[in-house]
$ cat start-v5.cif   # mmCIF, C-alpha atoms and all ligand atoms
data_entry
#
loop_
_atom_site.label_atom_id
_atom_site.label_comp_id
_atom_site.auth_asym_id
_atom_site.auth_seq_id
_atom_site.Cartn_x
_atom_site.Cartn_y
_atom_site.Cartn_z
CA SER A 28 2.85 -32.11 -49.02
CA LEU A 29 5.48 -34.35 -50.54
CA THR A 30 4.45 -37.77 -51.83
CA ILE A 31 6.11 -41.11 -52.45
CA GLY A 32 4.85 -43.05 -55.45
CA ILE A 33 4.63 -46.83 -55.06
CA VAL A 34 5.46 -48.72 -58.25
CA GLY A 35 6.29 -52.31 -59.16
CA LEU A 36 5.55 -55.21 -61.49
CA PRO A 37 2.16 -56.92 -61.23
CA ASN A 38 1.71 -59.49 -58.44
CA VAL A 39 4.58 -58.33 -56.27
CA GLY A 40 2.33 -57.32 -53.36
CA LYS A 41 1.75 -53.62 -54.02
CA SER A 42 -1.97 -53.71 -53.23
CA THR A 43 -1.41 -55.86 -50.17
CA LEU A 44 1.17 -53.37 -48.92
CA PHE A 45 -0.93 -50.36 -49.82
CA ASN A 46 -3.97 -51.77 -48.03
CA ALA A 47 -1.86 -52.30 -44.93
CA LEU A 48 -0.64 -48.70 -45.26
CA THR A 49 -4.16 -47.28 -45.46
CA LYS A 50 -5.27 -49.34 -42.46
CA ASN A 51 -2.49 -47.57 -40.62
CA GLU A 52 -3.72 -44.17 -41.70
CA VAL A 53 -3.46 -41.54 -39.04
CA LEU A 54 -5.49 -39.16 -41.13
CA ALA A 55 -9.03 -40.03 -40.16
CA ALA A 56 -8.32 -39.91 -36.44
CA ASN A 57 -6.11 -36.85 -36.25
CA TYR A 58 -6.90 -34.67 -39.21
CA PRO A 59 -10.69 -34.82 -39.55
CA PHE A 60 -10.87 -32.02 -42.11
CA ALA A 61 -8.38 -33.46 -44.55
CA THR A 62 -9.69 -34.99 -47.74
CA ILE A 63 -8.91 -38.64 -48.15
CA GLU A 64 -8.09 -39.74 -51.66
CA PRO A 65 -8.48 -43.40 -52.51
CA ASN A 66 -4.99 -43.85 -53.89
CA VAL A 67 -3.18 -41.97 -51.11
CA GLY A 68 -2.12 -43.53 -47.81
CA VAL A 69 -1.17 -41.04 -45.11
CA VAL A 70 1.04 -42.89 -42.70
CA GLY A 71 2.28 -41.70 -39.31
CA VAL A 72 6.01 -41.67 -38.67
CA PRO A 73 6.29 -43.35 -35.28
CA ASP A 74 8.25 -41.27 -32.77
CA PRO A 75 8.46 -42.55 -29.18
CA ARG A 76 9.75 -39.11 -28.12
CA LEU A 77 6.25 -37.73 -28.63
CA ASP A 78 4.78 -40.15 -26.09
CA LYS A 79 7.41 -39.07 -23.56
CA LEU A 80 6.63 -35.41 -24.19
CA ALA A 81 2.91 -36.09 -23.87
CA GLU A 82 3.59 -37.65 -20.46
CA LEU A 83 5.68 -34.70 -19.34
CA PHE A 84 3.22 -32.04 -20.51
CA GLU A 85 0.08 -34.08 -19.87
CA SER A 86 -0.87 -33.47 -23.48
CA GLN A 87 -4.31 -34.53 -24.60
CA ARG A 88 -3.09 -36.00 -27.86
CA VAL A 89 -0.05 -36.96 -29.85
CA LEU A 90 0.36 -35.92 -33.49
CA PRO A 91 3.19 -37.62 -35.34
CA ALA A 92 4.63 -36.44 -38.64
CA THR A 93 3.15 -38.16 -41.68
CA VAL A 94 4.30 -39.46 -45.05
CA ASP A 95 2.00 -39.69 -48.07
CA PHE A 96 2.25 -42.83 -50.17
CA VAL A 97 0.53 -42.84 -53.55
CA ASP A 98 -0.47 -46.09 -55.20
CA ILE A 99 0.61 -45.69 -58.81
CA ALA A 100 -1.36 -48.30 -60.68
CA GLY A 101 -0.54 -49.29 -64.21
CA ILE A 102 1.70 -51.41 -66.24
CA VAL A 103 5.40 -51.02 -66.18
CA ARG A 104 6.94 -52.75 -69.14
CA GLY A 105 6.45 -50.72 -72.30
CA ALA A 106 5.29 -47.66 -70.36
CA SER A 107 7.94 -45.50 -71.97
CA GLU A 108 6.52 -46.34 -75.38
CA GLY A 109 3.79 -43.97 -74.45
CA GLU A 110 0.14 -44.81 -75.22
CA GLY A 111 -2.70 -44.69 -72.72
CA LEU A 112 -1.94 -46.36 -69.45
CA GLY A 113 1.78 -45.97 -69.99
CA ASN A 114 1.48 -42.20 -70.27
CA LYS A 115 -0.70 -41.99 -67.19
CA PHE A 116 1.75 -44.18 -65.29
CA LEU A 117 4.67 -41.90 -66.16
CA ALA A 118 2.66 -38.76 -65.42
CA ASN A 119 1.83 -40.11 -61.97
CA ILE A 120 5.47 -40.85 -61.29
CA ARG A 121 6.41 -37.37 -62.47
CA GLU A 122 4.08 -35.91 -59.84
CA SER A 123 5.65 -37.93 -57.02
CA ASP A 124 8.57 -36.58 -55.04
CA ALA A 125 10.19 -39.97 -54.53
CA ILE A 126 9.85 -43.40 -56.11
CA CYS A 127 9.27 -46.45 -53.96
CA GLN A 128 9.74 -49.69 -55.87
CA VAL A 129 8.15 -52.83 -54.49
CA ILE A 130 10.24 -55.84 -55.44
CA ARG A 131 9.09 -59.42 -55.05
CA ALA A 132 11.43 -61.79 -53.29
CA PHE A 133 8.79 -64.08 -51.72
CA LYS A 134 8.31 -67.51 -53.23
CA ASP A 135 4.79 -68.79 -53.73
CA ASP A 136 3.82 -71.12 -56.56
CA ASN A 137 0.24 -69.92 -56.29
CA VAL A 138 1.20 -66.36 -57.19
CA VAL A 139 2.32 -66.06 -60.80
CA HIS A 140 5.33 -63.91 -61.58
CA VAL A 141 4.88 -62.02 -64.86
CA ASP A 142 8.30 -63.18 -66.05
CA GLY A 143 8.01 -66.68 -64.66
CA LYS A 144 10.84 -66.41 -62.16
CA ILE A 145 11.67 -64.68 -58.89
CA SER A 146 14.61 -62.39 -59.52
CA PRO A 147 14.82 -59.08 -57.66
CA LYS A 148 17.77 -58.04 -59.82
CA ASP A 149 15.87 -58.56 -63.09
CA ASP A 150 12.72 -56.89 -61.77
CA ILE A 151 14.63 -53.82 -60.65
CA GLU A 152 16.23 -53.66 -64.08
CA THR A 153 12.85 -53.98 -65.81
CA ILE A 154 11.37 -51.05 -63.88
CA ASN A 155 14.45 -48.87 -64.06
CA THR A 156 14.76 -49.49 -67.80
CA GLU A 157 11.32 -47.96 -68.38
CA LEU A 158 12.17 -44.90 -66.30
CA ILE A 159 15.54 -44.55 -67.99
CA LEU A 160 13.97 -44.84 -71.47
CA ALA A 161 11.41 -42.19 -70.57
CA ASP A 162 14.20 -39.84 -69.47
CA LEU A 163 16.15 -40.53 -72.65
CA GLN A 164 13.10 -39.60 -74.69
CA THR A 165 12.75 -36.34 -72.77
CA ILE A 166 16.40 -35.55 -73.39
CA GLU A 167 16.30 -36.45 -77.07
CA LYS A 168 13.37 -34.10 -77.50
CA VAL A 169 15.12 -31.05 -76.00
CA LEU A 170 18.81 -31.60 -76.67
CA PRO A 171 18.94 -30.51 -80.35
CA ARG A 172 17.20 -27.23 -79.50
CA LEU A 173 19.48 -26.65 -76.49
CA GLU A 174 22.60 -27.33 -78.56
CA LYS A 175 21.43 -24.89 -81.18
CA GLU A 176 20.71 -22.21 -78.58
CA ALA A 177 24.08 -22.72 -76.94
CA ARG A 178 25.89 -21.91 -80.17
CA VAL A 179 24.55 -18.36 -79.88
CA LYS A 180 24.16 -18.04 -76.11
CA LYS A 181 27.38 -19.14 -74.45
CA ASP A 182 25.76 -19.12 -71.01
CA LYS A 183 23.65 -22.09 -72.13
CA GLN A 184 26.74 -24.25 -72.62
CA PRO A 185 26.98 -25.61 -69.05
CA GLN A 186 23.38 -26.77 -69.32
CA VAL A 187 24.03 -28.54 -72.61
CA LYS A 188 27.05 -30.22 -71.07
CA ALA A 189 25.00 -31.39 -68.10
CA VAL A 190 22.26 -32.77 -70.35
CA GLN A 191 24.81 -34.58 -72.52
CA GLU A 192 26.40 -36.08 -69.43
CA ALA A 193 22.99 -37.22 -68.15
CA LYS A 194 22.30 -38.80 -71.53
CA GLU A 195 25.52 -40.82 -71.35
CA ILE A 196 24.69 -42.09 -67.87
CA LEU A 197 21.21 -43.13 -68.95
CA GLU A 198 22.58 -44.84 -72.05
CA GLU A 199 24.74 -46.94 -69.76
CA GLY A 200 21.51 -48.11 -68.13
CA ARG A 201 22.03 -46.19 -64.91
CA THR A 202 19.54 -43.94 -63.14
CA LEU A 203 20.66 -40.35 -62.54
CA PHE A 204 19.91 -40.75 -58.82
CA SER A 205 22.35 -43.65 -58.57
CA ALA A 206 24.95 -41.57 -60.43
CA GLY A 207 24.72 -38.83 -57.79
CA ILE A 208 22.59 -36.43 -59.84
CA ALA A 209 19.64 -36.36 -57.47
CA GLN A 210 17.08 -33.59 -57.17
CA GLY A 211 18.24 -30.95 -54.74
CA THR A 212 21.93 -31.43 -55.54
CA GLU A 213 24.02 -28.85 -57.37
CA ARG A 214 24.59 -31.22 -60.29
CA HIS A 215 20.84 -31.43 -60.80
CA GLU A 216 20.37 -27.65 -61.08
CA PRO A 217 20.96 -27.40 -64.87
CA LEU A 218 18.58 -30.34 -65.46
CA HIS A 219 15.82 -28.98 -63.27
CA GLU A 220 13.53 -27.77 -66.05
CA LEU A 221 13.56 -31.17 -67.80
CA HIS A 222 11.59 -32.82 -64.96
CA LEU A 223 13.45 -36.09 -65.36
CA LEU A 224 12.16 -39.16 -63.52
CA THR A 225 15.36 -40.87 -62.47
CA THR A 226 16.67 -37.81 -60.61
CA LYS A 227 14.01 -38.43 -57.97
CA PRO A 228 15.11 -40.16 -54.80
CA PHE A 229 14.51 -43.92 -54.97
CA LEU A 230 13.77 -46.38 -52.23
CA TYR A 231 13.15 -50.09 -52.45
CA VAL A 232 10.77 -52.33 -50.56
CA PHE A 233 11.64 -56.01 -50.78
CA ASN A 234 8.56 -58.11 -50.19
CA VAL A 235 10.26 -61.15 -48.67
CA ASP A 236 9.32 -64.47 -47.10
CA GLU A 237 9.17 -64.38 -43.32
CA ASP A 238 12.41 -66.35 -42.89
CA GLU A 239 14.24 -63.85 -45.08
CA LEU A 240 13.41 -61.03 -42.66
CA THR A 241 16.29 -62.17 -40.46
CA ASP A 242 18.59 -63.46 -43.23
CA GLU A 243 21.38 -60.88 -43.04
CA SER A 244 23.45 -62.16 -45.96
CA PHE A 245 20.39 -62.20 -48.23
CA LYS A 246 19.55 -58.63 -47.19
CA GLU A 247 23.14 -57.50 -47.73
CA GLU A 248 22.95 -58.84 -51.29
CA GLN A 249 19.77 -56.90 -52.03
CA ARG A 250 21.13 -53.73 -50.44
CA ALA A 251 24.13 -53.91 -52.73
CA LEU A 252 21.78 -54.08 -55.73
CA VAL A 253 20.08 -50.80 -54.91
CA ALA A 254 22.72 -48.65 -53.17
CA PRO A 255 22.81 -45.66 -52.73
CA ALA A 256 19.03 -46.03 -52.42
CA GLU A 257 17.71 -47.41 -49.13
CA ALA A 258 16.20 -50.89 -48.87
CA VAL A 259 13.34 -51.90 -46.57
CA PHE A 260 12.55 -55.58 -45.99
CA LEU A 261 9.06 -56.63 -45.06
CA ASN A 262 6.42 -59.25 -45.70
CA ALA A 263 3.35 -57.55 -47.11
CA LYS A 264 0.94 -60.25 -45.92
CA LEU A 265 2.36 -60.05 -42.41
CA GLU A 266 2.02 -56.25 -42.50
CA ALA A 267 -1.62 -56.62 -43.52
CA ASP A 268 -2.16 -58.96 -40.53
CA LEU A 269 -0.31 -56.61 -38.16
CA ALA A 270 -2.49 -53.69 -39.23
CA GLU A 271 -5.52 -55.59 -37.86
CA LEU A 272 -4.04 -56.14 -34.40
CA ASP A 273 -3.76 -53.96 -31.33
CA GLU A 274 -0.28 -52.86 -30.26
CA GLU A 275 0.37 -55.66 -27.80
CA GLU A 276 -0.77 -58.44 -30.12
CA ALA A 277 1.21 -56.90 -32.95
CA LEU A 278 4.39 -56.90 -30.83
CA GLU A 279 3.87 -60.58 -30.00
CA LEU A 280 3.45 -61.49 -33.64
CA LEU A 281 6.53 -59.46 -34.57
CA GLN A 282 8.60 -61.30 -31.99
CA THR A 283 7.73 -64.65 -33.56
CA VAL A 284 9.44 -63.45 -36.77
CA GLY A 285 12.35 -61.77 -35.00
CA GLN A 286 11.29 -58.17 -35.64
CA GLU A 287 11.11 -55.21 -33.27
CA GLU A 288 8.82 -52.94 -35.22
CA PRO A 289 6.42 -53.36 -38.13
CA GLY A 290 7.95 -53.03 -41.59
CA LEU A 291 5.52 -50.18 -42.22
CA ALA A 292 7.09 -48.18 -39.38
CA THR A 293 10.53 -48.70 -40.93
CA LEU A 294 9.12 -47.77 -44.32
CA ALA A 295 7.61 -44.56 -42.93
CA HIS A 296 10.94 -43.57 -41.39
CA VAL A 297 12.99 -44.39 -44.47
CA GLY A 298 10.42 -42.69 -46.72
CA PHE A 299 10.54 -39.57 -44.60
CA THR A 300 14.32 -39.24 -44.76
CA THR A 301 14.40 -40.19 -48.45
CA LEU A 302 12.22 -37.15 -49.07
CA GLY A 303 14.85 -35.03 -47.33
CA LEU A 304 12.60 -34.23 -44.41
CA GLN A 305 13.09 -33.94 -40.68
CA THR A 306 10.96 -32.93 -37.72
CA TYR A 307 11.03 -30.61 -34.79
CA LEU A 308 8.80 -31.01 -31.74
CA THR A 309 6.35 -28.89 -29.80
CA ALA A 310 4.57 -29.86 -26.60
CA GLY A 311 1.88 -28.45 -24.35
CA PRO A 312 -1.31 -29.47 -22.59
CA LYS A 313 -3.20 -29.61 -25.89
CA GLU A 314 -0.82 -31.75 -27.90
CA ALA A 315 2.64 -33.17 -28.34
CA ARG A 316 3.43 -32.82 -31.98
CA ALA A 317 6.09 -33.40 -34.62
CA TRP A 318 6.23 -30.79 -37.38
CA THR A 319 7.68 -31.56 -40.77
CA ILE A 320 10.41 -29.37 -42.25
CA LYS A 321 13.03 -29.75 -44.96
CA LYS A 322 16.47 -30.71 -43.71
CA GLY A 323 18.40 -27.49 -43.22
CA ALA A 324 15.32 -25.35 -42.55
CA THR A 325 15.87 -22.23 -40.45
CA ALA A 326 13.89 -21.29 -37.35
CA PRO A 327 11.58 -18.82 -39.18
CA GLU A 328 10.91 -21.42 -41.88
CA ALA A 329 10.08 -23.95 -39.19
CA ALA A 330 7.72 -21.44 -37.56
CA GLY A 331 6.04 -20.96 -40.92
CA VAL A 332 4.97 -24.62 -40.94
CA ILE A 333 2.74 -23.90 -37.94
CA HIS A 334 1.39 -20.64 -39.31
CA THR A 335 2.57 -18.18 -41.96
CA ASP A 336 2.09 -15.37 -39.40
CA PHE A 337 4.62 -17.08 -37.14
CA GLN A 338 7.19 -16.80 -39.90
CA LYS A 339 6.34 -13.21 -40.84
CA GLY A 340 6.40 -12.00 -37.25
CA PHE A 341 9.24 -14.24 -36.10
CA ILE A 342 11.30 -12.78 -33.27
CA LYS A 343 13.15 -15.76 -31.83
CA ALA A 344 12.75 -19.37 -30.84
CA GLU A 345 13.32 -20.95 -27.47
CA VAL A 346 14.98 -24.25 -28.30
CA ILE A 347 15.56 -27.12 -25.91
CA SER A 348 17.09 -30.37 -27.03
CA TYR A 349 14.81 -33.32 -26.34
CA ASP A 350 17.50 -35.17 -24.39
CA ASP A 351 18.16 -32.18 -22.12
CA LEU A 352 14.44 -31.83 -21.46
CA ILE A 353 13.98 -35.48 -20.52
CA GLU A 354 17.07 -35.40 -18.32
CA ALA A 355 15.92 -32.25 -16.51
CA GLY A 356 12.30 -33.36 -16.26
CA SER A 357 10.69 -29.96 -16.89
CA VAL A 358 11.09 -26.79 -18.92
CA THR A 359 11.62 -24.76 -15.74
CA GLU A 360 14.48 -27.03 -14.69
CA VAL A 361 16.07 -26.90 -18.17
CA ARG A 362 15.93 -23.10 -18.04
CA SER A 363 17.50 -22.93 -14.61
CA ARG A 364 20.28 -25.21 -15.84
CA GLY A 365 20.89 -22.68 -18.61
CA LYS A 366 20.15 -25.21 -21.33
CA ALA A 367 17.22 -23.44 -22.96
CA ARG A 368 18.65 -21.52 -25.90
CA MET A 369 17.26 -18.38 -27.53
CA GLU A 370 17.84 -18.75 -31.26
CA GLY A 371 17.43 -16.12 -33.97
CA LYS A 372 16.56 -15.96 -37.65
CA GLU A 373 19.69 -17.74 -38.87
CA TYR A 374 19.32 -20.81 -36.66
CA VAL A 375 19.21 -24.12 -38.56
CA MET A 376 16.81 -26.55 -36.92
CA GLN A 377 18.22 -29.80 -35.52
CA ASP A 378 16.54 -33.15 -35.09
CA GLY A 379 15.08 -33.41 -31.60
CA ASP A 380 14.65 -29.68 -31.06
CA VAL A 381 11.72 -28.94 -28.76
CA VAL A 382 10.63 -25.44 -29.68
CA GLU A 383 8.53 -22.51 -28.61
CA PHE A 384 8.38 -19.57 -31.00
CA ARG A 385 8.19 -15.89 -30.01
CA PHE A 386 6.60 -13.71 -32.64
CA ASN A 387 4.81 -10.40 -33.30
CA VAL A 388 1.24 -10.50 -34.51
P1 LIG A 401 0.09 -56.33 -56.87
O1 LIG A 401 -0.36 -56.83 -58.19
O2 LIG A 401 1.54 -55.96 -56.90
O3 LIG A 401 -0.76 -55.27 -56.30
O4 LIG A 401 0.07 -57.60 -55.89
P2 LIG A 401 -1.04 -58.02 -54.81
O5 LIG A 401 -0.87 -57.25 -53.55
O6 LIG A 401 -2.39 -58.03 -55.44
O7 LIG A 401 -0.56 -59.50 -54.52
C1 LIG A 401 -0.60 -60.50 -55.51
C2 LIG A 401 -0.78 -61.84 -54.82
O8 LIG A 401 0.37 -62.12 -54.02
C3 LIG A 401 -1.98 -61.87 -53.88
O9 LIG A 401 -2.57 -63.15 -53.99
C4 LIG A 401 -1.34 -61.69 -52.51
O10 LIG A 401 -2.10 -62.31 -51.51
C5 LIG A 401 0.00 -62.35 -52.69
N1 LIG A 401 1.01 -61.80 -51.79
C6 LIG A 401 1.27 -60.49 -51.54
N2 LIG A 401 2.27 -60.37 -50.67
C7 LIG A 401 2.68 -61.62 -50.37
C8 LIG A 401 3.67 -62.16 -49.52
O11 LIG A 401 4.40 -61.44 -48.84
N3 LIG A 401 3.80 -63.52 -49.49
C9 LIG A 401 3.00 -64.33 -50.22
N4 LIG A 401 3.18 -65.66 -50.15
N5 LIG A 401 2.03 -63.86 -51.02
C10 LIG A 401 1.87 -62.54 -51.10
#
$ encode --input "start-v5.cif" --output "structure tokens"
Amino acid sequence: SLTIGIVGLPNVGKSTLFNALTKNEVLAANYPFATIEPNVGVVGVPDPRLDKLAELFESQRVLPATVDFVDIAGIVRGASEGEGLGNKFLANIRESDAICQVIRAFKDDNVVHVDGKISPKDDIETINTELILADLQTIEKVLPRLEKEARVKKDKQPQVKAVQEAKEILEEGRTLFSAGIAQGTERHEPLHELHLLTTKPFLYVFNVDEDELTDESFKEEQRALVAPAEAVFLNAKLEADLAELDEEEALELLQTVGQEEPGLATLAHVGFTTLGLQTYLTAGPKEARAWTIKKGATAPEAAGVIHTDFQKGFIKAEVISYDDLIEAGSVTEVRSRGKARMEGKEYVMQDGDVVEFRFNV
């Protein structure tokens, strides 16, 4: 499955956040046969629709979609210079499908900042500079060979042009993601084989003081720093406390700081969409469940997530929109209202689709 690597300067609250994430793990309870790795936190993506479906179908359990967060330990500054830890750090980032930067905004004289001052802008620059330098090194290694090849093979020229353009962007100190050359886009295609770091989708977690959680102008400022990447604001210590509480107590504590849901829930949602994922839903007496698919997945591809045989033998899918189902109150009623649709192989799955697949075995 796809993973999000958590990176950041020392002492910004990464471990605190990661510990809170692992306390929230849905893995142990719901997926007993999965292996649990120490540096991976498998976090449920909260979806109230599943609870509603479970009520309607009297399902025995609810299985939300999950996001995998990987704690990428290691130094940041100087990483691109290569040696030991730096290499391992970059290799771990290369294996991640998205990069989540934890940025310190909280003030606490007892917690030393490596650069002696609290400055989200500078910290973001420090981290991005390392990633940008690493990408520049990659490019400088391959570009001369590519240019040489392109002199003979004209069809290589568009690739050379794309690499040169990427180099210019990086030299300006910008990430390729922020310049619109993100993985999965057409502009990224010619760069694919270079496995560049800054083409991965980025997201930012600002570890803020509790009073900043509701400070809209402060948050607007930080959002502007990281756009088009998403920003999540949370207090890592508070999240660690919340992870110890039952739901009711947690809600009470959240209210005292003006929040409706834990920051981890927001992070799970934002992480999920940053990875380019969406869900569809199934429900029955056994379970109400969200299944993870890529945005734009077709019905047979969605069926394949449940079982490869479902994809191979796909005939059609009965699709009901969640809202129609809740309004009608039962599948039978939705059908009699003519709102259950039979969809074929070309159908592109939509968020909130409640599905039953028909297939040959
Ligand atoms: P890491 O080096 O990035 O993994 O940072 P840690 O999670 O180890 O946190 C470093 C120190 O900052 C620890 O003493 C934490 O208790 C403290 N800390 C983490 N998050 C917060 C926060 O939101 N507010 C305050 N005041 N301290 C925090």
$ closest_residue --input "start-v5.cif" --among "A:Leu294, A:Ala125, A:Leu261, A:Leu252" --to "ligand LIG 401 (chain A)" --atoms "only C-alpha atoms and all ligand atoms"
A:Leu261
$ closest_atom_pairs --input "start-v5.cif" --of "chain A" --to "ligand LIG 401 (chain A)" --cutoff "12 Å" --atoms "all atoms listed in the file" --output "CSV"
residue,atom,partner,partner_atom,distance
A:Ile33,CA,A:LIG401,O2,9.8
A:Val34,CA,A:LIG401,O2,8.3
A:Gly35,CA,A:LIG401,O2,6.4
A:Leu36,CA,A:LIG401,O2,6.1
A:Pro37,CA,A:LIG401,O1,3.9
A:Asn38,CA,A:LIG401,O1,3.4
A:Val39,CA,A:LIG401,O2,3.9
A:Gly40,CA,A:LIG401,O5,3.2
A:Lys41,CA,A:LIG401,O2,3.7
A:Ser42,CA,A:LIG401,O3,3.7
A:Thr43,CA,A:LIG401,O5,3.7
A:Leu44,CA,A:LIG401,O5,6.4
A:Phe45,CA,A:LIG401,O5,7.8
A:Asn46,CA,A:LIG401,O5,8.4
A:Ala47,CA,A:LIG401,O5,10.0
A:Leu48,CA,A:LIG401,O5,11.9
A:Asp98,CA,A:LIG401,O3,9.3
A:Ile99,CA,A:LIG401,O3,10.0
A:Ala100,CA,A:LIG401,O3,8.3
A:Gly101,CA,A:LIG401,O1,9.7
A:Ile102,CA,A:LIG401,O1,9.9
A:Val103,CA,A:LIG401,O2,11.2
A:Gln128,CA,A:LIG401,O2,10.4
A:Val129,CA,A:LIG401,O2,7.7
A:Ile130,CA,A:LIG401,O2,8.8
A:Arg131,CA,A:LIG401,O11,8.0
A:Ala132,CA,A:LIG401,O11,8.3
A:Phe133,CA,A:LIG401,N3,5.5
A:Lys134,CA,A:LIG401,N4,6.3
A:Asp135,CA,A:LIG401,N4,5.0
A:Asp136,CA,A:LIG401,N4,8.4
A:Asn137,CA,A:LIG401,O9,7.7
A:Val138,CA,A:LIG401,O8,5.4
A:Val139,CA,A:LIG401,C2,7.9
A:His140,CA,A:LIG401,C1,9.1
A:Val141,CA,A:LIG401,O1,9.9
A:Val232,CA,A:LIG401,O11,11.2
A:Phe233,CA,A:LIG401,O11,9.3
A:Asn234,CA,A:LIG401,O11,5.5
A:Val235,CA,A:LIG401,O11,5.9
A:Asp236,CA,A:LIG401,O11,6.0
A:Glu237,CA,A:LIG401,O11,7.9
A:Asp238,CA,A:LIG401,O11,11.1
A:Glu239,CA,A:LIG401,O11,10.8
A:Leu240,CA,A:LIG401,O11,10.9
A:Phe260,CA,A:LIG401,O11,10.4
A:Leu261,CA,A:LIG401,O11,7.7
A:Asn262,CA,A:LIG401,O11,4.3
A:Ala263,CA,A:LIG401,O11,4.4
A:Lys264,CA,A:LIG401,O11,4.7
A:Leu265,CA,A:LIG401,O11,6.9
A:Glu266,CA,A:LIG401,O11,8.5
A:Ala267,CA,A:LIG401,N2,9.0
A:Asp268,CA,A:LIG401,O11,10.9
A:Gly290,CA,A:LIG401,O11,11.7
$ closest_atom_pairs --input "start-v5.cif" --of "range 70-149 of chain A" --to "range 310-323 of chain A" --cutoff "8 Å" --atoms "all atoms listed in the file" --output "Markdown table"
| residue | atom | partner | partner_atom | distance |
| --- | --- | --- | --- | --- |
| A:Leu77 | CA | A:Ala315 | CA | 5.8 |
| A:Asp78 | CA | A:Ala315 | CA | 7.6 |
| A:Leu80 | CA | A:Ala315 | CA | 6.2 |
| A:Ala81 | CA | A:Ala315 | CA | 5.3 |
| A:Phe84 | CA | A:Gly311 | CA | 5.4 |
| A:Glu85 | CA | A:Pro312 | CA | 5.5 |
| A:Ser86 | CA | A:Pro312 | CA | 4.1 |
| A:Gln87 | CA | A:Lys313 | CA | 5.2 |
| A:Arg88 | CA | A:Glu314 | CA | 4.8 |
| A:Val89 | CA | A:Ala315 | CA | 4.9 |
| A:Leu90 | CA | A:Arg316 | CA | 4.6 |
| A:Pro91 | CA | A:Ala317 | CA | 5.2 |
| A:Ala92 | CA | A:Ala317 | CA | 5.2 |
$ closest_residue --input "start-v5.cif" --among "A:Asp95, A:Glu383, A:Glu64, A:Asp149" --to "Ala295 in chain A" --atoms "all atoms listed in the file"
A:Asp95
$ closest_residue --input "start-v5.cif" --among "A:Asp350, A:Glu247, A:Asp124, A:Glu276" --to "Leu304 in chain A" --atoms "all atoms listed in the file"
A:Asp124
$ residues_near_point --input "start-v5.cif" --point "(10.6, -44.5, -49.2)" --cutoff "9 Å" --atoms "only C-alpha atoms" --output "ChimeraX atom specification"
/A:31-33,96,125-128,228-232,257-259,294-302
$ residues_around --input "start-v5.cif" --residues "Ala193 in chain A" --least-positions-apart "3" --cutoff "9 Å" --atoms "all atoms listed in the file" --output "ChimeraX atom specification"
/A:163,166,188-190,196-198,203,208,218
$ write_last_selection --input "start-v5.cif" --atoms "C-alpha atoms" --output "PDB file, in the frame of the given file"
ATOM      1  CA  LEU A 163      16.150 -40.530 -72.650  1.00  0.00           C
ATOM      2  CA  ILE A 166      16.400 -35.550 -73.390  1.00  0.00           C
ATOM      3  CA  LYS A 188      27.050 -30.220 -71.070  1.00  0.00           C
ATOM      4  CA  ALA A 189      25.000 -31.390 -68.100  1.00  0.00           C
ATOM      5  CA  VAL A 190      22.260 -32.770 -70.350  1.00  0.00           C
ATOM      6  CA  ILE A 196      24.690 -42.090 -67.870  1.00  0.00           C
ATOM      7  CA  LEU A 197      21.210 -43.130 -68.950  1.00  0.00           C
ATOM      8  CA  GLU A 198      22.580 -44.840 -72.050  1.00  0.00           C
ATOM      9  CA  LEU A 203      20.660 -40.350 -62.540  1.00  0.00           C
ATOM     10  CA  ILE A 208      22.590 -36.430 -59.840  1.00  0.00           C
ATOM     11  CA  LEU A 218      18.580 -30.340 -65.460  1.00  0.00           C
TER      12      LEU A 218
END
$ closest_residue --input "start-v5.cif" --among "A:Glu328, A:Glu360, A:Glu271, A:Glu152" --to "Phe384 in chain A" --atoms "all atoms listed in the file"
A:Glu328
$ atom_distance --input "start-v5.cif" --atom1 "CA of Asp351 in chain A" --atom2 "CA of Val382 in chain A"
12.6 Å
$ decode --input "start-v5.cif" --residues "range 181-203 of chain A" --atoms "C-alpha atoms" --output "PDB file, in the first residue's frame"
ATOM      1  CA  LYS A 181      15.685  12.783 -31.743  1.00  0.00           C
ATOM      2  CA  ASP A 182      12.854  11.140 -29.798  1.00  0.00           C
ATOM      3  CA  LYS A 183      14.891  11.689 -26.623  1.00  0.00           C
ATOM      4  CA  GLN A 184      14.766  15.466 -27.060  1.00  0.00           C
ATOM      5  CA  PRO A 185      11.473  16.079 -25.211  1.00  0.00           C
ATOM      6  CA  GLN A 186      12.887  14.232 -22.220  1.00  0.00           C
ATOM      7  CA  VAL A 187      16.062  16.309 -22.233  1.00  0.00           C
ATOM      8  CA  LYS A 188      13.969  19.452 -22.415  1.00  0.00           C
ATOM      9  CA  ALA A 189      11.858  18.327 -19.459  1.00  0.00           C
ATOM     10  CA  VAL A 190      14.946  17.515 -17.391  1.00  0.00           C
ATOM     11  CA  GLN A 191      16.525  20.869 -18.223  1.00  0.00           C
ATOM     12  CA  GLU A 192      13.334  22.643 -17.229  1.00  0.00           C
ATOM     13  CA  ALA A 193      13.214  20.718 -13.944  1.00  0.00           C
ATOM     14  CA  LYS A 194      16.821  21.685 -13.290  1.00  0.00           C
ATOM     15  CA  GLU A 195      16.007  25.381 -13.725  1.00  0.00           C
ATOM     16  CA  ILE A 196      13.084  25.159 -11.310  1.00  0.00           C
ATOM     17  CA  LEU A 197      15.221  23.420  -8.706  1.00  0.00           C
ATOM     18  CA  GLU A 198      18.009  25.963  -9.151  1.00  0.00           C
ATOM     19  CA  GLU A 199      15.484  28.659  -8.290  1.00  0.00           C
ATOM     20  CA  GLY A 200      14.990  26.841  -4.985  1.00  0.00           C
ATOM     21  CA  ARG A 201      11.536  25.531  -5.822  1.00  0.00           C
ATOM     22  CA  THR A 202      10.260  21.978  -5.459  1.00  0.00           C
ATOM     23  CA  LEU A 203       8.923  20.347  -8.629  1.00  0.00           C
TER      24      LEU A 203
END
